[in-house]
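**Q** Could you have a look at this structure, given as structure tokens, before my questions?
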Amino acid sequence: MLSKNQARTFFLGGTVVFFLIFLGLSWHTLAREVPKQTNAQNLTESVIRGKEIFDKNNCMGCHTIMGEGAYYAPELTKAYERKGEAYLKTVLTVKEPWAPRGRKMVAYAMSDQDANDVIAFLKWVGEADLNGFPPKPDLQSKVPVPAK
Amino acid sequence: MKYKSQQIAWWFFALSGVLLLLQITYGFIMAFAHLGYDGLHDLIPFNAATATHKNLLVVWILSGFMGAAYFIIPDEAEHELISVPLAKLQFWSLAIVGVVAVIGFHLNWWEGRKFLEIPRPLDYLVVVNVLLFLYIIIMTLWKGKKRTTTSLVLTMGLLFAALLYLPGMIWFDNQTMDSFFRWWVVHLWVEGVWELIMGGILAYLLIKLTGVDREVIEKWLYVIVGLTFISGILGTGHHYYYIGTPKYWLMIGGIFSAMEPLAFLGMALFALAMYRKGEKRHPNQIALNWTLGTAIISFVGAGLLGVAHTLPAVNMYTHGTFVTAMHGHLAFWGAYGMLVLGMITYATPLMTGRKLYTAPGASYAFWLSNIGMIGMTTAFAAAGVTQVYLERKVGMDFIDTQQAMEVHFLVLIAAATLFTVGIVMFVLNFFKYGKPTDEALERA
Ligand code: HEM
Ligand code: HEM
Ligand SMILES: [Fe+2]
């Protein structure tokens, strides 16, 4: 039977080995792959400021981005592509509380420049290669279309 | 109870109970908002409610862990805590930082990083607070007569948890890198070092409640925490599928995270086997309920419901939906919520010298909260599956999908009400015991 000493070696050895592998892979991911997959060369000052504004207002507290956040408001990864610049600009700069189809968003009343920065950030996020996320609806074509 | 300084744990347990009640209140605010009743929006917008709900969760669990450590370490090390005034200082600074953070969330003072919303200046205070806590624990262990495996595993878990918080404080311009390190905190906590804390507390409770030989229990403790790290460290990859990180994580994350339930299965089998083997009938049976309960429900909530959406092909569709919320609730409740409540149930009679554990309230608290939480999990599951199919698979619009899900939030609120009744009874019962007294000290 396994002794307590062997059990301890299993724990310490396993931890060290797998942690080192994890560190190596993390380094490879961050130094080599992420800059390519996320187009790090496009991280302009405007995009970075946009991220800061996104962060400071806790937009992730209602929305998800890259699939992370809360589930009260729509996924934003492809918001730029889906809604377009003009729509996003209106949403961010509007001064009156607004509720698209019943669900309220905070009225941020952003300045023109702040709104442009956030939009630049969303555009950058939308261009990143997320290995296929968000998925294309794969059952859509199977929904029968009723005859008119 | 043998050591007077163990009494400090009571304060941390009291804080835990109060913050849990407050956390639940914000849960209701969000559940009603999902139903369409968002009257509080101007005062407490949804993002303030979420940030409060998630952070209070983390703080009440951590407060419970700290209380548990202050109770367990003197007992295991056979030495009083090195300084009770320092521990008191640490308690009050924790409570104050917590209150300031929650008020800040309502005033738009935060960082938009799920679970880590506490703003940077407060992060530094948290670090100082935790360093003080670790200093007290580690010095007590150092000066103590004994260094048992149970106390070492517990302390190692607490120390690593503190270290992992640090990379989460670095600012990155790149959202992907930001998220990459957020998981070093969130994932490597709950599916890594917190399991050491869980294993340590569970082993302590089993030793006390079943009377099984320490050597046997501690040997299996090593095996379980070994399985935790072997699967859980590379298992972090299940958060690196779709955030701008390379494809090899799909394979690595998938394989290793699919093995993570083994550690939770290990805890469940371990607890049940020790329970069967034990000859001692400890009078505090309700603490045993919580102890076995945490081992079993953590396997269901973290192990089974975790593995349900951990494979890349499934996660592609469930990532960031209510399927995640379903798993998040039962996993946190089963593994860490029940563990803390179990520790409180075991320690309170010993600290106060009163034996209220046969009071019917204690038993109702256990059953109502658990039945309620299982109901809530079911409601979240129904909402999540609906969302995945309508929005992700069929391509329905966001708001249309949300409206189709509303009925599940009605069920959620009903189940959450049961859960809340259970928790209110638990907290009332805790305060009925009164404060710790010196009369409860065992004379050596
Ligand atoms: C006690 C242990 C656990 C707790 C407390 C827990 C809790 C959570 C929470 C709160 C989230 C959401 C995190 C966020 O979006 O920021 C999450 C996500 C996730 N968990 Fe766990 N978990 C545990 C164990 C596990 C295990 C053992 C597995 C797999 C076998 C697992 C699989 C997942 C997956 C795949 C996600 C990502 C969901 C998504 O893509 O949206 N979890 N977990
Ligand atoms: C009355 C009880 C509760 C209710 C009504 C409730 C409701 C909710 C709601 C509506 C959300 C937000 C989902 C969204 O982003 O839209 C949420 C998030 C969350 N709650 Fe609760 N909750 C309750 C108790 C608890 C308890 C006791 C725990 C832990 C033990 C917990 C852990 C969490 C976690 C981890 C999340 C984040 C989940 C994720 O984003 O995947 N909640 N809760
Ligand atoms: Fe994870």
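Residue numbers start at 1 in each chain; chains themselves are named A, B, ... in the order of the structure tokens; ligands are numbered from 1 in the order shown.
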Step by step, measure atom-to-atom distances between ligand 3 and each residue using only C-alpha atoms and all ligand atoms, keep those at most 9 Å, then write them as a list of chain:residue names.
**A**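 If we count only C-alpha atoms and all ligand atoms, the neighbours of ligand 3 turn out to be B:Trp183, B:Val186, B:His187, B:Leu188, B:Trp189, B:Val190, B:Glu191, B:Gly232, B:Gly235, B:Thr236, B:Gly237, B:His238, B:His239, B:Ser257, B:Gly306, B:Thr310.
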**Q** Include all heavy atoms and write out the residues we just selected as a short mmCIF file (atom, residue, chain, number, x, y, z; two decimals), in the first residue's frame.
**A**
```cif
data_model
loop_
_atom_site.label_atom_id
_atom_site.label_comp_id
_atom_site.auth_asym_id
_atom_site.auth_seq_id
_atom_site.Cartn_x
_atom_site.Cartn_y
_atom_site.Cartn_z
N TRP B 183 -7.54 34.81 -14.89
CA TRP B 183 -7.78 33.39 -14.60
C TRP B 183 -6.74 32.80 -13.66
O TRP B 183 -6.99 31.78 -13.02
CB TRP B 183 -7.87 32.57 -15.89
CG TRP B 183 -9.12 32.90 -16.66
CD1 TRP B 183 -9.19 33.50 -17.87
CD2 TRP B 183 -10.47 32.67 -16.24
NE1 TRP B 183 -10.51 33.66 -18.23
CE2 TRP B 183 -11.31 33.17 -17.26
CE3 TRP B 183 -11.05 32.11 -15.09
CZ2 TRP B 183 -12.70 33.10 -17.17
CZ3 TRP B 183 -12.43 32.05 -15.02
CH2 TRP B 183 -13.23 32.54 -16.05
N VAL B 186 -8.80 33.69 -10.60
CA VAL B 186 -10.11 33.06 -10.44
C VAL B 186 -10.01 31.53 -10.58
O VAL B 186 -10.45 30.79 -9.69
CB VAL B 186 -11.12 33.65 -11.45
CG1 VAL B 186 -12.46 32.96 -11.33
CG2 VAL B 186 -11.27 35.15 -11.23
N HIS B 187 -9.43 31.04 -11.63
CA HIS B 187 -9.37 29.58 -11.80
C HIS B 187 -8.38 28.92 -10.83
O HIS B 187 -8.71 27.96 -10.16
CB HIS B 187 -8.99 29.21 -13.24
CG HIS B 187 -8.69 27.75 -13.41
ND1 HIS B 187 -9.62 26.83 -13.86
CD2 HIS B 187 -7.57 27.02 -13.13
CE1 HIS B 187 -9.08 25.62 -13.86
NE2 HIS B 187 -7.85 25.70 -13.43
N LEU B 188 -7.17 29.47 -10.76
CA LEU B 188 -6.18 28.79 -9.90
C LEU B 188 -6.54 28.91 -8.41
O LEU B 188 -6.03 28.16 -7.59
CB LEU B 188 -4.76 29.30 -10.18
CG LEU B 188 -4.17 28.80 -11.51
CD1 LEU B 188 -2.81 29.42 -11.78
CD2 LEU B 188 -4.05 27.28 -11.55
N TRP B 189 -7.43 29.82 -8.09
CA TRP B 189 -7.97 29.80 -6.74
C TRP B 189 -8.95 28.63 -6.58
O TRP B 189 -8.65 27.69 -5.86
CB TRP B 189 -8.71 31.12 -6.42
CG TRP B 189 -7.85 32.16 -5.78
CD1 TRP B 189 -6.50 32.12 -5.61
CD2 TRP B 189 -8.29 33.41 -5.20
NE1 TRP B 189 -6.08 33.26 -4.98
CE2 TRP B 189 -7.14 34.05 -4.71
CE3 TRP B 189 -9.53 34.03 -5.05
CZ2 TRP B 189 -7.22 35.30 -4.08
CZ3 TRP B 189 -9.60 35.26 -4.42
CH2 TRP B 189 -8.44 35.90 -3.94
N VAL B 190 -10.08 28.71 -7.29
CA VAL B 190 -11.15 27.74 -6.97
C VAL B 190 -10.83 26.32 -7.41
O VAL B 190 -11.33 25.37 -6.84
CB VAL B 190 -12.53 28.17 -7.52
CG1 VAL B 190 -12.95 29.50 -6.94
CG2 VAL B 190 -12.57 28.20 -9.03
N GLU B 191 -10.02 26.17 -8.45
CA GLU B 191 -9.71 24.81 -8.90
C GLU B 191 -8.25 24.46 -8.61
O GLU B 191 -7.65 23.62 -9.27
CB GLU B 191 -10.02 24.66 -10.40
CG GLU B 191 -11.51 24.73 -10.66
CD GLU B 191 -11.83 25.15 -12.08
OE1 GLU B 191 -11.60 24.34 -12.98
OE2 GLU B 191 -12.31 26.28 -12.29
N GLY B 232 -5.60 20.44 -12.23
CA GLY B 232 -6.12 21.81 -12.19
C GLY B 232 -5.20 22.86 -12.78
O GLY B 232 -5.67 23.87 -13.30
N GLY B 235 -5.44 22.52 -16.33
CA GLY B 235 -6.87 22.69 -16.57
C GLY B 235 -7.26 24.15 -16.76
O GLY B 235 -8.33 24.44 -17.31
N THR B 236 -6.41 25.07 -16.32
CA THR B 236 -6.66 26.50 -16.57
C THR B 236 -6.95 26.73 -18.05
O THR B 236 -7.66 27.66 -18.42
CB THR B 236 -5.42 27.35 -16.18
OG1 THR B 236 -4.95 26.90 -14.92
CG2 THR B 236 -5.78 28.83 -16.07
N GLY B 237 -6.39 25.84 -18.88
CA GLY B 237 -6.60 25.93 -20.32
C GLY B 237 -8.07 25.96 -20.74
O GLY B 237 -8.39 26.46 -21.82
N HIS B 238 -9.00 25.49 -19.88
CA HIS B 238 -10.41 25.55 -20.32
C HIS B 238 -10.94 26.99 -20.34
O HIS B 238 -12.05 27.21 -20.81
CB HIS B 238 -11.32 24.59 -19.56
CG HIS B 238 -11.51 24.87 -18.09
ND1 HIS B 238 -12.26 24.05 -17.29
CD2 HIS B 238 -11.08 25.86 -17.29
CE1 HIS B 238 -12.26 24.52 -16.05
NE2 HIS B 238 -11.56 25.62 -16.03
N HIS B 239 -10.15 27.93 -19.84
CA HIS B 239 -10.54 29.34 -19.98
C HIS B 239 -9.77 30.02 -21.12
O HIS B 239 -9.96 31.20 -21.37
CB HIS B 239 -10.30 30.10 -18.68
CG HIS B 239 -11.02 29.49 -17.52
ND1 HIS B 239 -12.39 29.53 -17.39
CD2 HIS B 239 -10.57 28.80 -16.44
CE1 HIS B 239 -12.76 28.89 -16.28
NE2 HIS B 239 -11.67 28.44 -15.68
N SER B 257 -8.71 19.53 -17.76
CA SER B 257 -9.86 19.95 -16.96
C SER B 257 -10.87 18.81 -16.84
O SER B 257 -11.57 18.70 -15.84
CB SER B 257 -10.51 21.20 -17.53
OG SER B 257 -11.14 20.93 -18.75
N GLY B 306 -19.22 21.01 -13.80
CA GLY B 306 -18.06 21.65 -14.43
C GLY B 306 -17.69 20.92 -15.71
O GLY B 306 -17.52 21.52 -16.77
N THR B 310 -17.00 21.69 -20.08
CA THR B 310 -15.57 21.97 -20.14
C THR B 310 -14.92 21.54 -21.46
O THR B 310 -13.82 21.97 -21.79
CB THR B 310 -14.83 21.33 -18.94
OG1 THR B 310 -13.60 22.03 -18.75
CG2 THR B 310 -14.51 19.86 -19.17
#
```
**Q** When you look at segment 137-142 of chain A with a cut-off of 6 Å (counting only C-alpha atoms), what residues show up, excluding the ones that are within fewer than 5 positions of it in the same chain? I need them as a list of chain:residue names.
**A**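 Neighbouring residues, sequence-local ones excluded: B:Arg392, B:Lys393, B:Val394, B:Gly395.
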**Q** Counting only C-alpha atoms, which residues from chain B have an atom at most 6 Å from any atom of chain A, and could you show them as number ranges by chain?
**A** B: 47, 111-112, 114, 173, 219, 222-223, 226, 229-230, 242-245, 319-320, 392-395
**Q** Restricted to N, CA, C and O atoms, what would the selected residues look like written as a PDB file, in the first residue's frame?
**A**
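What landed in result_0.pdb:
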```
ATOM      1  N   ASN B  47     -24.722  46.437 -13.005  1.00  0.00           N
ATOM      2  CA  ASN B  47     -23.291  46.150 -12.817  1.00  0.00           C
ATOM      3  C   ASN B  47     -22.837  46.379 -11.376  1.00  0.00           C
ATOM      4  O   ASN B  47     -21.930  45.705 -10.892  1.00  0.00           O
ATOM      5  N   GLU B 111     -12.906  48.377 -10.900  1.00  0.00           N
ATOM      6  CA  GLU B 111     -12.286  47.972 -12.152  1.00  0.00           C
ATOM      7  C   GLU B 111     -13.224  46.957 -12.775  1.00  0.00           C
ATOM      8  O   GLU B 111     -13.748  46.096 -12.090  1.00  0.00           O
ATOM      9  N   GLY B 112     -13.387  47.040 -14.089  1.00  0.00           N
ATOM     10  CA  GLY B 112     -14.332  46.129 -14.726  1.00  0.00           C
ATOM     11  C   GLY B 112     -13.728  44.772 -14.983  1.00  0.00           C
ATOM     12  O   GLY B 112     -13.560  44.359 -16.130  1.00  0.00           O
ATOM     13  N   LYS B 114     -14.345  40.954 -13.807  1.00  0.00           N
ATOM     14  CA  LYS B 114     -15.211  40.055 -13.068  1.00  0.00           C
ATOM     15  C   LYS B 114     -14.512  39.360 -11.893  1.00  0.00           C
ATOM     16  O   LYS B 114     -13.487  38.723 -12.078  1.00  0.00           O
ATOM     17  N   ASP B 173      -2.499  46.419 -21.479  1.00  0.00           N
ATOM     18  CA  ASP B 173      -3.245  47.150 -22.501  1.00  0.00           C
ATOM     19  C   ASP B 173      -4.077  46.201 -23.351  1.00  0.00           C
ATOM     20  O   ASP B 173      -5.055  46.588 -23.967  1.00  0.00           O
ATOM     21  N   LYS B 219      -2.765  10.848   4.837  1.00  0.00           N
ATOM     22  CA  LYS B 219      -2.193  10.235   3.639  1.00  0.00           C
ATOM     23  C   LYS B 219      -3.094  10.506   2.442  1.00  0.00           C
ATOM     24  O   LYS B 219      -2.637  10.942   1.383  1.00  0.00           O
ATOM     25  N   TYR B 222      -2.942  14.066   1.012  1.00  0.00           N
ATOM     26  CA  TYR B 222      -1.878  14.308   0.027  1.00  0.00           C
ATOM     27  C   TYR B 222      -2.279  13.829  -1.360  1.00  0.00           C
ATOM     28  O   TYR B 222      -2.006  14.476  -2.371  1.00  0.00           O
ATOM     29  N   VAL B 223      -2.885  12.660  -1.427  1.00  0.00           N
ATOM     30  CA  VAL B 223      -3.276  12.125  -2.736  1.00  0.00           C
ATOM     31  C   VAL B 223      -4.279  13.068  -3.404  1.00  0.00           C
ATOM     32  O   VAL B 223      -4.156  13.405  -4.582  1.00  0.00           O
ATOM     33  N   GLY B 226      -2.726  16.290  -4.493  1.00  0.00           N
ATOM     34  CA  GLY B 226      -1.874  15.970  -5.641  1.00  0.00           C
ATOM     35  C   GLY B 226      -2.706  15.923  -6.920  1.00  0.00           C
ATOM     36  O   GLY B 226      -2.373  16.546  -7.930  1.00  0.00           O
ATOM     37  N   PHE B 229      -3.722  19.476  -8.224  1.00  0.00           N
ATOM     38  CA  PHE B 229      -2.760  20.274  -8.980  1.00  0.00           C
ATOM     39  C   PHE B 229      -2.408  19.645 -10.314  1.00  0.00           C
ATOM     40  O   PHE B 229      -2.212  20.340 -11.309  1.00  0.00           O
ATOM     41  N   ILE B 230      -2.315  18.314 -10.339  1.00  0.00           N
ATOM     42  CA  ILE B 230      -1.956  17.659 -11.600  1.00  0.00           C
ATOM     43  C   ILE B 230      -3.008  17.948 -12.671  1.00  0.00           C
ATOM     44  O   ILE B 230      -2.691  18.193 -13.826  1.00  0.00           O
ATOM     45  N   TYR B 242     -11.211  30.519 -26.068  1.00  0.00           N
ATOM     46  CA  TYR B 242     -11.815  31.495 -26.996  1.00  0.00           C
ATOM     47  C   TYR B 242     -11.547  32.942 -26.616  1.00  0.00           C
ATOM     48  O   TYR B 242     -12.418  33.791 -26.706  1.00  0.00           O
ATOM     49  N   ILE B 243     -10.360  33.234 -26.117  1.00  0.00           N
ATOM     50  CA  ILE B 243     -10.090  34.618 -25.712  1.00  0.00           C
ATOM     51  C   ILE B 243      -8.889  35.196 -26.450  1.00  0.00           C
ATOM     52  O   ILE B 243      -8.288  36.169 -25.990  1.00  0.00           O
ATOM     53  N   GLY B 244      -8.507  34.611 -27.584  1.00  0.00           N
ATOM     54  CA  GLY B 244      -7.381  35.153 -28.341  1.00  0.00           C
ATOM     55  C   GLY B 244      -6.066  34.470 -28.024  1.00  0.00           C
ATOM     56  O   GLY B 244      -4.994  35.010 -28.286  1.00  0.00           O
ATOM     57  N   THR B 245      -6.152  33.273 -27.456  1.00  0.00           N
ATOM     58  CA  THR B 245      -4.968  32.482 -27.107  1.00  0.00           C
ATOM     59  C   THR B 245      -4.877  31.302 -28.084  1.00  0.00           C
ATOM     60  O   THR B 245      -5.883  30.934 -28.691  1.00  0.00           O
ATOM     61  N   HIS B 319     -20.070  29.039 -23.434  1.00  0.00           N
ATOM     62  CA  HIS B 319     -19.164  30.049 -22.899  1.00  0.00           C
ATOM     63  C   HIS B 319     -19.889  31.376 -22.664  1.00  0.00           C
ATOM     64  O   HIS B 319     -20.432  31.963 -23.603  1.00  0.00           O
ATOM     65  N   GLY B 320     -19.893  31.831 -21.408  1.00  0.00           N
ATOM     66  CA  GLY B 320     -20.520  33.121 -21.129  1.00  0.00           C
ATOM     67  C   GLY B 320     -22.033  33.112 -21.256  1.00  0.00           C
ATOM     68  O   GLY B 320     -22.622  34.055 -21.752  1.00  0.00           O
ATOM     69  N   ARG B 392     -27.490  30.983 -29.426  1.00  0.00           N
ATOM     70  CA  ARG B 392     -26.246  30.531 -30.048  1.00  0.00           C
ATOM     71  C   ARG B 392     -26.487  29.538 -31.171  1.00  0.00           C
ATOM     72  O   ARG B 392     -25.729  29.485 -32.128  1.00  0.00           O
ATOM     73  N   LYS B 393     -27.503  28.687 -31.042  1.00  0.00           N
ATOM     74  CA  LYS B 393     -27.667  27.633 -32.047  1.00  0.00           C
ATOM     75  C   LYS B 393     -28.647  28.032 -33.145  1.00  0.00           C
ATOM     76  O   LYS B 393     -28.461  27.712 -34.301  1.00  0.00           O
ATOM     77  N   VAL B 394     -29.731  28.731 -32.739  1.00  0.00           N
ATOM     78  CA  VAL B 394     -30.720  29.105 -33.753  1.00  0.00           C
ATOM     79  C   VAL B 394     -30.484  30.535 -34.245  1.00  0.00           C
ATOM     80  O   VAL B 394     -30.927  30.902 -35.334  1.00  0.00           O
ATOM     81  N   GLY B 395     -29.794  31.337 -33.438  1.00  0.00           N
ATOM     82  CA  GLY B 395     -29.452  32.676 -33.899  1.00  0.00           C
ATOM     83  C   GLY B 395     -30.523  33.716 -33.614  1.00  0.00           C
ATOM     84  O   GLY B 395     -30.613  34.738 -34.292  1.00  0.00           O
TER      85      GLY B 395
END
```
**Q** So which bits of segment 218-323 of chain B end up alpha helix (DSSP H) when you DSSP the backbone, as an NGL selection string?
**A** :B and (218-235 or 248-259 or 261-277 or 285-298 or 305-307 or 312-318 or 322-323)
**Q** Work out how far apart atom CA of Thr140 of chain B and atom CA of Tyr3 of chain B are and give it in Å to one decimal.
**A**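 Straight-line distance from atom CA of Thr140 of chain B to atom CA of Tyr3 of chain B works out to 12.3 Å.
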**Q** Env of Glu80 of chain B: 8 Å cut, atoms = only C-alpha atoms, seq-sep filter 2 positions within chain, self excluded. Answer as a VMD selection string.
**A** chain B and resid 3 to 6 74 78 82 140
**Q** Need the shell around Ile286 of chain B: protein/DNA/RNA residues with any atom at most 12 Å away, counting only C-alpha atoms. Skip same-chain ones fewer than 2 positions apart. Format as a VMD selection string?
**A** chain B and resid 209 281 to 284 288 to 293 338 341 to 347 349 355 to 367 426
**Q** Once you have the residues from the selection above, write them out as a CSV table (one decimal), in the first residue's frame, restricted to N, CA, C and O atoms.
**A**
```csv
chain,number,residue,atom,x,y,z
B,209,LEU,N,-14.5,14.7,14.0
B,209,LEU,CA,-15.9,14.2,14.0
B,209,LEU,C,-16.0,12.7,13.9
B,209,LEU,O,-17.0,12.1,14.4
B,281,ARG,N,-19.1,8.6,17.9
B,281,ARG,CA,-20.3,9.3,17.5
B,281,ARG,C,-20.2,10.7,18.1
B,281,ARG,O,-20.5,10.9,19.3
B,282,HIS,N,-19.7,11.6,17.4
B,282,HIS,CA,-19.6,13.0,17.9
B,282,HIS,C,-21.0,13.5,18.1
B,282,HIS,O,-21.9,13.3,17.3
B,283,PRO,N,-21.3,14.2,19.2
B,283,PRO,CA,-22.6,14.7,19.4
B,283,PRO,C,-23.1,15.8,18.4
B,283,PRO,O,-24.2,16.0,18.2
B,284,ASN,N,-22.1,16.4,17.8
B,284,ASN,CA,-22.5,17.5,16.9
B,284,ASN,C,-22.7,16.9,15.5
B,284,ASN,O,-22.0,17.0,14.5
B,288,LEU,N,-21.5,17.2,11.1
B,288,LEU,CA,-21.1,16.1,10.2
B,288,LEU,C,-21.9,16.2,8.9
B,288,LEU,O,-21.4,15.9,7.8
B,289,ASN,N,-23.2,16.6,9.1
B,289,ASN,CA,-24.0,16.8,7.8
B,289,ASN,C,-23.4,17.7,6.9
B,289,ASN,O,-23.3,17.5,5.7
B,290,TRP,N,-22.9,18.9,7.4
B,290,TRP,CA,-22.3,19.9,6.6
B,290,TRP,C,-21.0,19.3,6.0
B,290,TRP,O,-20.7,19.6,4.8
B,291,THR,N,-20.3,18.6,6.8
B,291,THR,CA,-19.0,18.1,6.3
B,291,THR,C,-19.1,17.1,5.2
B,291,THR,O,-18.5,17.2,4.1
B,292,LEU,N,-20.0,16.1,5.4
B,292,LEU,CA,-20.3,15.2,4.3
B,292,LEU,C,-20.9,15.9,3.1
B,292,LEU,O,-20.7,15.6,1.9
B,293,GLY,N,-21.8,16.8,3.4
B,293,GLY,CA,-22.5,17.6,2.4
B,293,GLY,C,-21.6,18.3,1.5
B,293,GLY,O,-21.7,18.3,0.3
B,338,MET,N,-20.6,25.6,1.8
B,338,MET,CA,-21.0,24.6,2.8
B,338,MET,C,-19.8,24.3,3.7
B,338,MET,O,-20.0,24.0,4.9
B,341,LEU,N,-19.7,27.0,6.3
B,341,LEU,CA,-20.8,26.9,7.3
B,341,LEU,C,-20.6,25.7,8.1
B,341,LEU,O,-21.0,25.6,9.3
B,342,GLY,N,-20.0,24.6,7.6
B,342,GLY,CA,-19.7,23.4,8.4
B,342,GLY,C,-18.7,23.7,9.5
B,342,GLY,O,-18.8,23.3,10.6
B,343,MET,N,-17.7,24.5,9.1
B,343,MET,CA,-16.7,24.8,10.1
B,343,MET,C,-17.3,25.7,11.2
B,343,MET,O,-17.0,25.5,12.4
B,344,ILE,N,-18.2,26.6,10.8
B,344,ILE,CA,-18.8,27.4,11.8
B,344,ILE,C,-19.7,26.6,12.7
B,344,ILE,O,-19.7,26.7,14.0
B,345,THR,N,-20.4,25.6,12.1
B,345,THR,CA,-21.3,24.7,12.9
B,345,THR,C,-20.5,23.9,13.9
B,345,THR,O,-20.9,23.6,15.0
B,346,TYR,N,-19.3,23.5,13.5
B,346,TYR,CA,-18.4,22.7,14.4
B,346,TYR,C,-17.9,23.6,15.5
B,346,TYR,O,-17.9,23.2,16.7
B,347,ALA,N,-17.4,24.7,15.2
B,347,ALA,CA,-16.6,25.5,16.1
B,347,ALA,C,-17.5,26.3,17.1
B,347,ALA,O,-17.0,26.5,18.3
B,349,PRO,N,-20.3,25.8,19.0
B,349,PRO,CA,-20.5,25.3,20.3
B,349,PRO,C,-19.3,25.2,21.2
B,349,PRO,O,-19.4,25.4,22.4
B,355,LYS,N,-24.6,24.1,23.7
B,355,LYS,CA,-24.8,23.0,22.8
B,355,LYS,C,-26.1,23.1,22.2
B,355,LYS,O,-27.0,22.3,22.5
B,356,LEU,N,-26.3,24.0,21.2
B,356,LEU,CA,-27.6,24.2,20.6
B,356,LEU,C,-27.7,23.3,19.4
B,356,LEU,O,-28.7,23.5,18.6
B,357,TYR,N,-26.8,22.4,19.1
B,357,TYR,CA,-26.9,21.7,17.8
B,357,TYR,C,-28.0,20.7,17.7
B,357,TYR,O,-28.2,20.2,16.6
B,358,THR,N,-28.7,20.5,18.7
B,358,THR,CA,-29.9,19.6,18.5
B,358,THR,C,-31.2,20.5,18.2
B,358,THR,O,-32.2,20.0,18.0
B,359,ALA,N,-31.0,21.8,18.3
B,359,ALA,CA,-32.1,22.7,18.0
B,359,ALA,C,-32.7,22.4,16.6
B,359,ALA,O,-31.9,22.2,15.7
B,360,PRO,N,-34.0,22.4,16.4
B,360,PRO,CA,-34.5,22.1,15.1
B,360,PRO,C,-34.1,23.1,14.1
B,360,PRO,O,-33.9,22.7,12.9
B,361,GLY,N,-33.8,24.3,14.5
B,361,GLY,CA,-33.4,25.4,13.5
B,361,GLY,C,-32.1,25.0,12.8
B,361,GLY,O,-32.0,25.2,11.6
B,362,ALA,N,-31.2,24.3,13.4
B,362,ALA,CA,-30.0,23.9,12.8
B,362,ALA,C,-30.2,23.0,11.7
B,362,ALA,O,-29.6,23.1,10.6
B,363,SER,N,-31.1,22.0,11.9
B,363,SER,CA,-31.4,21.0,10.9
B,363,SER,C,-32.1,21.6,9.7
B,363,SER,O,-31.8,21.4,8.6
B,364,TYR,N,-33.2,22.5,10.0
B,364,TYR,CA,-33.9,23.1,9.0
B,364,TYR,C,-33.0,24.0,8.1
B,364,TYR,O,-33.1,24.1,6.9
B,365,ALA,N,-32.0,24.7,8.8
B,365,ALA,CA,-31.1,25.6,8.0
B,365,ALA,C,-30.4,24.7,7.0
B,365,ALA,O,-30.2,25.1,5.8
B,366,PHE,N,-29.9,23.6,7.4
B,366,PHE,CA,-29.1,22.7,6.5
B,366,PHE,C,-30.0,22.3,5.3
B,366,PHE,O,-29.6,22.4,4.1
B,367,TRP,N,-31.2,21.7,5.6
B,367,TRP,CA,-32.0,21.2,4.5
B,367,TRP,C,-32.6,22.2,3.6
B,367,TRP,O,-32.6,22.1,2.4
B,426,PHE,N,-29.8,29.8,9.7
B,426,PHE,CA,-28.4,29.5,10.1
B,426,PHE,C,-27.8,30.7,10.9
B,426,PHE,O,-27.2,30.5,11.9
```
**Q** As a PDB file with N, CA and C atoms, in the first residue's frame, please: the residues near Phe322 of chain B (cut-off 7 Å, only C-alpha atoms, same-chain neighbours under 2 positions excluded).
**A**
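See part_18.pdb below for the written result:
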```pdb
ATOM      1  N   THR B 324     -22.952  28.744 -17.417  1.00  0.00           N
ATOM      2  CA  THR B 324     -21.838  29.065 -16.524  1.00  0.00           C
ATOM      3  C   THR B 324     -22.366  29.456 -15.137  1.00  0.00           C
ATOM      4  N   ALA B 325     -23.430  30.251 -15.108  1.00  0.00           N
ATOM      5  CA  ALA B 325     -23.982  30.690 -13.820  1.00  0.00           C
ATOM      6  C   ALA B 325     -24.529  29.503 -13.025  1.00  0.00           C
ATOM      7  N   MET B 326     -25.132  28.547 -13.733  1.00  0.00           N
ATOM      8  CA  MET B 326     -25.637  27.334 -13.077  1.00  0.00           C
ATOM      9  C   MET B 326     -24.499  26.627 -12.331  1.00  0.00           C
ATOM     10  N   PHE B 380     -31.354  27.921 -13.114  1.00  0.00           N
ATOM     11  CA  PHE B 380     -30.270  28.474 -13.951  1.00  0.00           C
ATOM     12  C   PHE B 380     -29.995  27.549 -15.137  1.00  0.00           C
ATOM     13  N   ALA B 381     -30.059  26.241 -14.901  1.00  0.00           N
ATOM     14  CA  ALA B 381     -29.797  25.284 -15.990  1.00  0.00           C
ATOM     15  C   ALA B 381     -30.842  25.444 -17.087  1.00  0.00           C
ATOM     16  N   ALA B 383     -32.637  28.072 -17.759  1.00  0.00           N
ATOM     17  CA  ALA B 383     -32.389  29.349 -18.436  1.00  0.00           C
ATOM     18  C   ALA B 383     -31.192  29.211 -19.376  1.00  0.00           C
ATOM     19  N   GLY B 384     -30.145  28.567 -18.894  1.00  0.00           N
ATOM     20  CA  GLY B 384     -28.917  28.454 -19.679  1.00  0.00           C
ATOM     21  C   GLY B 384     -29.106  27.640 -20.953  1.00  0.00           C
TER      22      GLY B 384
END
```
**Q** Kindly indicate which residue among A:Ala31, A:Val94, A:Ala99, A:Ala79 lies nearest to Leu122 of chain A, using only C-alpha atoms for the distances.
**A** A:Ala79
